[in-house]
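Trainee: Quick one: the structure is below, questions incoming.
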Amino acid sequence: MGRSSKDKRDVYYRLAKEEGWRARSAFKLLQINEEFGIFKDVTKVVDLCAAPGSWSQVLSRKLRGNADDGTDVKIVAVDLQAMAPLPGVTQIQGDITKVSTAQEIISCFEGESADLVVCDGAPDVTGLHDLDEYIQAQLLLAALNITTHLLKEGGTFVAKIFRGKDVTLLYSQLKLFFKNVTVAKPRSSRNSSIEAFAVCEGYHPPEGYVPNMMNPLLDLQYDNFNQLTGVNRVIVPFIACGDLSAFDSDRTYPLQLNEGKDYVYLPPTQAPIDPPYKEAIMLKRQNKLAKPEFQVSQVTFSGQCSGSTEKLNSDICDADKSNSEKEELPAVEKLSERQDS
Ligand SMILES: C[S@@+](CC[C@H](N)C(=O)[O-])C[C@H]1O[C@@H](n2cnc3c(N)ncnc32)[C@H](O)[C@@H]1O
């Protein structure tokens, strides 16, 4: 597979490099803004779970323009991981589930509240879909928790949400705090992924609500929830962002997108500076990653070894590799599709 094949398969991945965005996710925020105008009159914004930083880039370019100084726009980006610097963006390396992170953000705004909080947070997926959906929901609730410390009355909150079976419960929880809640699917987010974004407008916490960081855990004891009807059942408003003129993120495009303009391969704009998988990549390059040893009972090869306990050495593991690859690769692709990061 050539270097350009991903450019061909994923038009937003390619456009992100051409336009200098650190990740294709930039288009998701841009398309959400096109639909909802979330950047209007915004001067203080928090980007939760920001690394590698394409949403912060969008915020910086859209809210600050080319301003070096003399702008009252403040952008604070938070992530567990380190992120390369960006103009006009204050970075905090921290965990959004911690009250100390909320306090650090508040001190960046010198006590003032934010107009907008965005969160594209995603935990590392396990591949167990129910568990992944649950953890994603927990991260969204953690983002909501920290947002209640930061957002001004009337402000906007945008957060990644998986449209799984908990979506109605999450919607109901968000609706307690915001006048309008819509689940939006930007065109750059693949249809094959259950990812969408909750766009919550008009922050208005319940009377007497005191922000706290206690995680409101989801209660999964509501198996018959979807059988409810009429006013008892919440139908989540869902909107597909934008008209049909934008590129379709599930389609494969030819490399020459514009007539008369030749395709040129570009490397990614900014590689992660300290990713958690760095050591694994280094070990793999040096061929030092440990190979598993299998203890197999009842192995039958062409009628031999039957009934014996065989310790398979790494040569046999290698010989068998093509089979395991055949089985594993689609699962890995499926994972990344579900998350669409
Ligand atoms: C899909 S990436 C965000 C991409 C980013 N919006 C962009 O455009 O470049 C998800 C991020 O969530 C971060 N994350 C997950 N859990 C977190 C937590 N508890 N606190 C802070 N960041 C977290 C991960 O470190 C990861 O960088």
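Here, A, B, ... name the chains of the structure tokens in the order displayed, residue numbers run from 1 inside each chain, and ligands are numbered from 1 in the same displayed order.
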Any chance you could list, as an MDAnalysis selection string, the residues in region 42-201 of chain A that come up strand (DSSP E) when DSSP is run on the backbone?
Mentor: chainID A and resid 44:48 74:79 89:93 114:119 151:162 178:185 195:201
Trainee: Fewer than 2 positions away in the same chain doesn't count, so skip those; otherwise give me all residues within 8 Å of Arg163 (chain A), counting only C-alpha atoms, as a list in words.
Mentor: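 Non-adjacent residues within range: Ile161, Lys165, Asp166, Val167, Ile194, Glu195 and Ala196 of chain A.
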Trainee: If you keep N, CA and C atoms, can you produce a file of those selected residues as a PDB file, in the first residue's frame?
Mentor:
```
ATOM      1  N   ILE A 161     -19.985  12.563  21.569  1.00  0.00           N
ATOM      2  CA  ILE A 161     -20.901  11.622  22.201  1.00  0.00           C
ATOM      3  C   ILE A 161     -21.005  10.409  21.283  1.00  0.00           C
ATOM      4  N   LYS A 165     -26.663   3.171  23.172  1.00  0.00           N
ATOM      5  CA  LYS A 165     -27.965   3.037  23.848  1.00  0.00           C
ATOM      6  C   LYS A 165     -28.145   4.019  25.013  1.00  0.00           C
ATOM      7  N   ASP A 166     -27.057   4.647  25.465  1.00  0.00           N
ATOM      8  CA  ASP A 166     -27.175   5.602  26.566  1.00  0.00           C
ATOM      9  C   ASP A 166     -27.475   7.022  26.094  1.00  0.00           C
ATOM     10  N   VAL A 167     -27.616   7.214  24.785  1.00  0.00           N
ATOM     11  CA  VAL A 167     -27.682   8.587  24.290  1.00  0.00           C
ATOM     12  C   VAL A 167     -28.884   9.340  24.860  1.00  0.00           C
ATOM     13  N   ILE A 194     -19.990   5.579  15.223  1.00  0.00           N
ATOM     14  CA  ILE A 194     -21.162   6.004  16.008  1.00  0.00           C
ATOM     15  C   ILE A 194     -20.917   7.358  16.681  1.00  0.00           C
ATOM     16  N   GLU A 195     -19.770   7.953  16.366  1.00  0.00           N
ATOM     17  CA  GLU A 195     -19.439   9.273  16.937  1.00  0.00           C
ATOM     18  C   GLU A 195     -20.401  10.355  16.439  1.00  0.00           C
ATOM     19  N   ALA A 196     -20.774  11.241  17.348  1.00  0.00           N
ATOM     20  CA  ALA A 196     -21.504  12.454  16.981  1.00  0.00           C
ATOM     21  C   ALA A 196     -21.112  13.517  18.022  1.00  0.00           C
TER      22      ALA A 196
END
```
Trainee: Between CA of Asn212 (chain A) and CA of Glu133 (chain A), what is the distance, to one decimal in Å?
Mentor: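 Calculated distance between CA of Asn212 (chain A) and CA of Glu133 (chain A) is 23.6 Å.
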Trainee: When you look at Ser56 (chain A) with a cut-off of 7 Å (counting only C-alpha atoms), what residues show up, excluding the ones that are within fewer than 5 positions of it in the same chain? I need them as a list in words.
Mentor: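 The contact residues come out as Asp47, Ala50 and Ala77 of chain A.
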Trainee: Output the neighbourhood of ligand 1 as a VMD selection string, that is, all protein and nucleic acid residues with some atom at most 6 Å from the ligand, counting only C-alpha atoms and all ligand atoms.
Mentor: chain A and resid 23 25 to 26 49 to 55 79 to 81 94 to 97 120 to 123 341
Trainee: Could you write those residues out with C-alpha atoms, as a CSV table (one decimal), in the first residue's frame?
Mentor:
```csv
chain,number,residue,atom,x,y,z
A,23,ALA,CA,-5.8,16.3,12.7
A,25,SER,CA,-11.0,16.5,13.4
A,26,ALA,CA,-10.5,20.2,12.6
A,49,CYS,CA,-9.0,16.9,25.6
A,50,ALA,CA,-7.2,19.0,23.0
A,51,ALA,CA,-4.1,17.1,21.8
A,52,PRO,CA,-2.7,17.0,19.2
A,53,GLY,CA,-4.4,20.4,18.8
A,54,SER,CA,-6.5,20.7,15.6
A,55,TRP,CA,-9.5,22.1,17.5
A,79,ASP,CA,-5.1,17.3,27.7
A,80,LEU,CA,-3.5,14.4,29.6
A,81,GLN,CA,-0.8,14.5,26.8
A,94,GLY,CA,-4.0,17.7,33.1
A,95,ASP,CA,-6.9,15.4,33.7
A,96,ILE,CA,-10.4,16.9,33.1
A,97,THR,CA,-11.8,14.7,35.9
A,120,ASP,CA,-13.4,16.1,21.6
A,121,GLY,CA,-12.3,13.7,24.4
A,122,ALA,CA,-11.9,10.1,23.7
A,123,PRO,CA,-10.5,7.4,26.0
A,341,SER,CA,-10.6,10.2,15.7
```
Trainee: If you take only C-alpha atoms and a cut-off of 6 Å, which residues of region 140-219 of chain A touch region 240-247 of chain A, and what are their nearest atom pairs and distances in Å to one decimal, in chain and number order, as a tab-separated table?
Mentor:
```
residue	atom	partner	partner_atom	distance
A:Ala184	CA	A:Ala240	CA	5.8
A:Lys185	CA	A:Ala240	CA	4.9
A:Pro186	CA	A:Cys241	CA	4.8
```
Trainee: Can those selected residues be exported to a file as a compact mmCIF listing (two decimals), in the first residue's frame so that it contains C-alpha atoms?
Mentor:
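Final output, saved to result-v5.txt:
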```txt
# COMPACT_ATOMS: atom_id res chain seq x y z
CA ALA A 184 -24.98 16.73 15.42
CA LYS A 185 -23.07 14.64 12.91
CA PRO A 186 -20.65 16.73 10.82
```
Trainee: What lies within 8 Å of Leu63 (chain A) using only C-alpha atoms, ignoring chain neighbours under 3 positions off, as an NGL selection string?
Mentor: :A and (39 or 42-43 or 59-60 or 73)
Trainee: Okay, now the selection with C-alpha atoms, as a CSV table (one decimal), in the first residue's frame?
Mentor:
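This went into result32.csv:
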```
chain,number,residue,atom,x,y,z
A,39,PHE,CA,-18.0,31.1,17.7
A,42,VAL,CA,-16.8,34.3,21.8
A,43,THR,CA,-13.7,35.6,23.5
A,59,LEU,CA,-10.2,28.3,17.6
A,60,SER,CA,-7.0,30.2,17.3
A,73,VAL,CA,-9.4,36.4,23.1
```
Trainee: Would you please work out which residue, of A:Val183, A:Asp130, A:Leu86, A:Ser4, is nearest to Arg22 (chain A) when using only C-alpha atoms?
Mentor: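 For Arg22 (chain A), the nearest of the candidates is A:Leu86.
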Trainee: I'd like to know which of A:Arg24, A:His204, A:Lys62, A:Lys288 is closest to Phe177 (chain A), using only C-alpha atoms.
Mentor: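 Using only C-alpha atoms, Phe177 (chain A) sits closest to A:His204.
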Trainee: Mind checking which residues fall within 10 Å of Lys98 (chain A), counting only C-alpha atoms, ignoring those fewer than 2 positions away in the same chain, and posting them as a PDB file with C-alpha atoms, in the first residue's frame?
Mentor:
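As a result, selection_19.pdb now contains:
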```pdb
ATOM      1  CA  GLY A  94      -3.966  17.689  33.149  1.00  0.00           C
ATOM      2  CA  ASP A  95      -6.909  15.394  33.716  1.00  0.00           C
ATOM      3  CA  ILE A  96     -10.362  16.870  33.105  1.00  0.00           C
ATOM      4  CA  SER A 100      -7.390  20.947  40.370  1.00  0.00           C
ATOM      5  CA  THR A 101      -7.587  21.130  36.546  1.00  0.00           C
ATOM      6  CA  ALA A 102     -10.797  23.196  36.803  1.00  0.00           C
ATOM      7  CA  GLN A 103      -9.030  25.538  39.224  1.00  0.00           C
ATOM      8  CA  ALA A 142     -16.697  14.486  33.386  1.00  0.00           C
ATOM      9  CA  ASN A 145     -18.881  18.445  35.401  1.00  0.00           C
ATOM     10  CA  ILE A 146     -15.821  20.579  34.764  1.00  0.00           C
ATOM     11  CA  MET A 213     -16.757  17.063  40.465  1.00  0.00           C
ATOM     12  CA  MET A 214     -18.569  14.008  41.755  1.00  0.00           C
TER      13      MET A 214
END
```
Trainee: Between A:Pro254, A:Gly155, A:Gly2, A:Gly164, which one has atoms that come closest to Asp132 (chain A), using only C-alpha atoms?
Mentor: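 Closest candidate: A:Gly164.
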Trainee: Among region 93-311 of chain A, which ones does DSSP assign to helix (DSSP H, G or I) (computed from the backbone)? Answer as JSON, numbers by chain.
Mentor: {"A": [99, 100, 101, 102, 103, 104, 105, 106, 107, 108, 129, 130, 131, 132, 133, 134, 135, 136, 137, 138, 139, 140, 141, 142, 143, 144, 145, 146, 147, 148, 149, 150, 167, 168, 169, 170, 171, 172, 173, 174, 175, 225, 226, 227, 230, 231, 232, 278, 279, 280, 281, 282, 283, 284, 285]}
Trainee: Please measure the separation of CA of Phe197 (chain A) and CA of Leu139 (chain A), giving the value in Å to one decimal.
Mentor: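 We find that CA of Phe197 (chain A) and CA of Leu139 (chain A) lie 13.1 Å from each other.
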Trainee: Counting only C-alpha atoms, figure out which residue out of A:Leu116, A:Leu140, A:Val46, A:Leu131 gets nearest to Gln91 (chain A).
Mentor: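 Selected residue with least distance to Gln91 (chain A): A:Val46.
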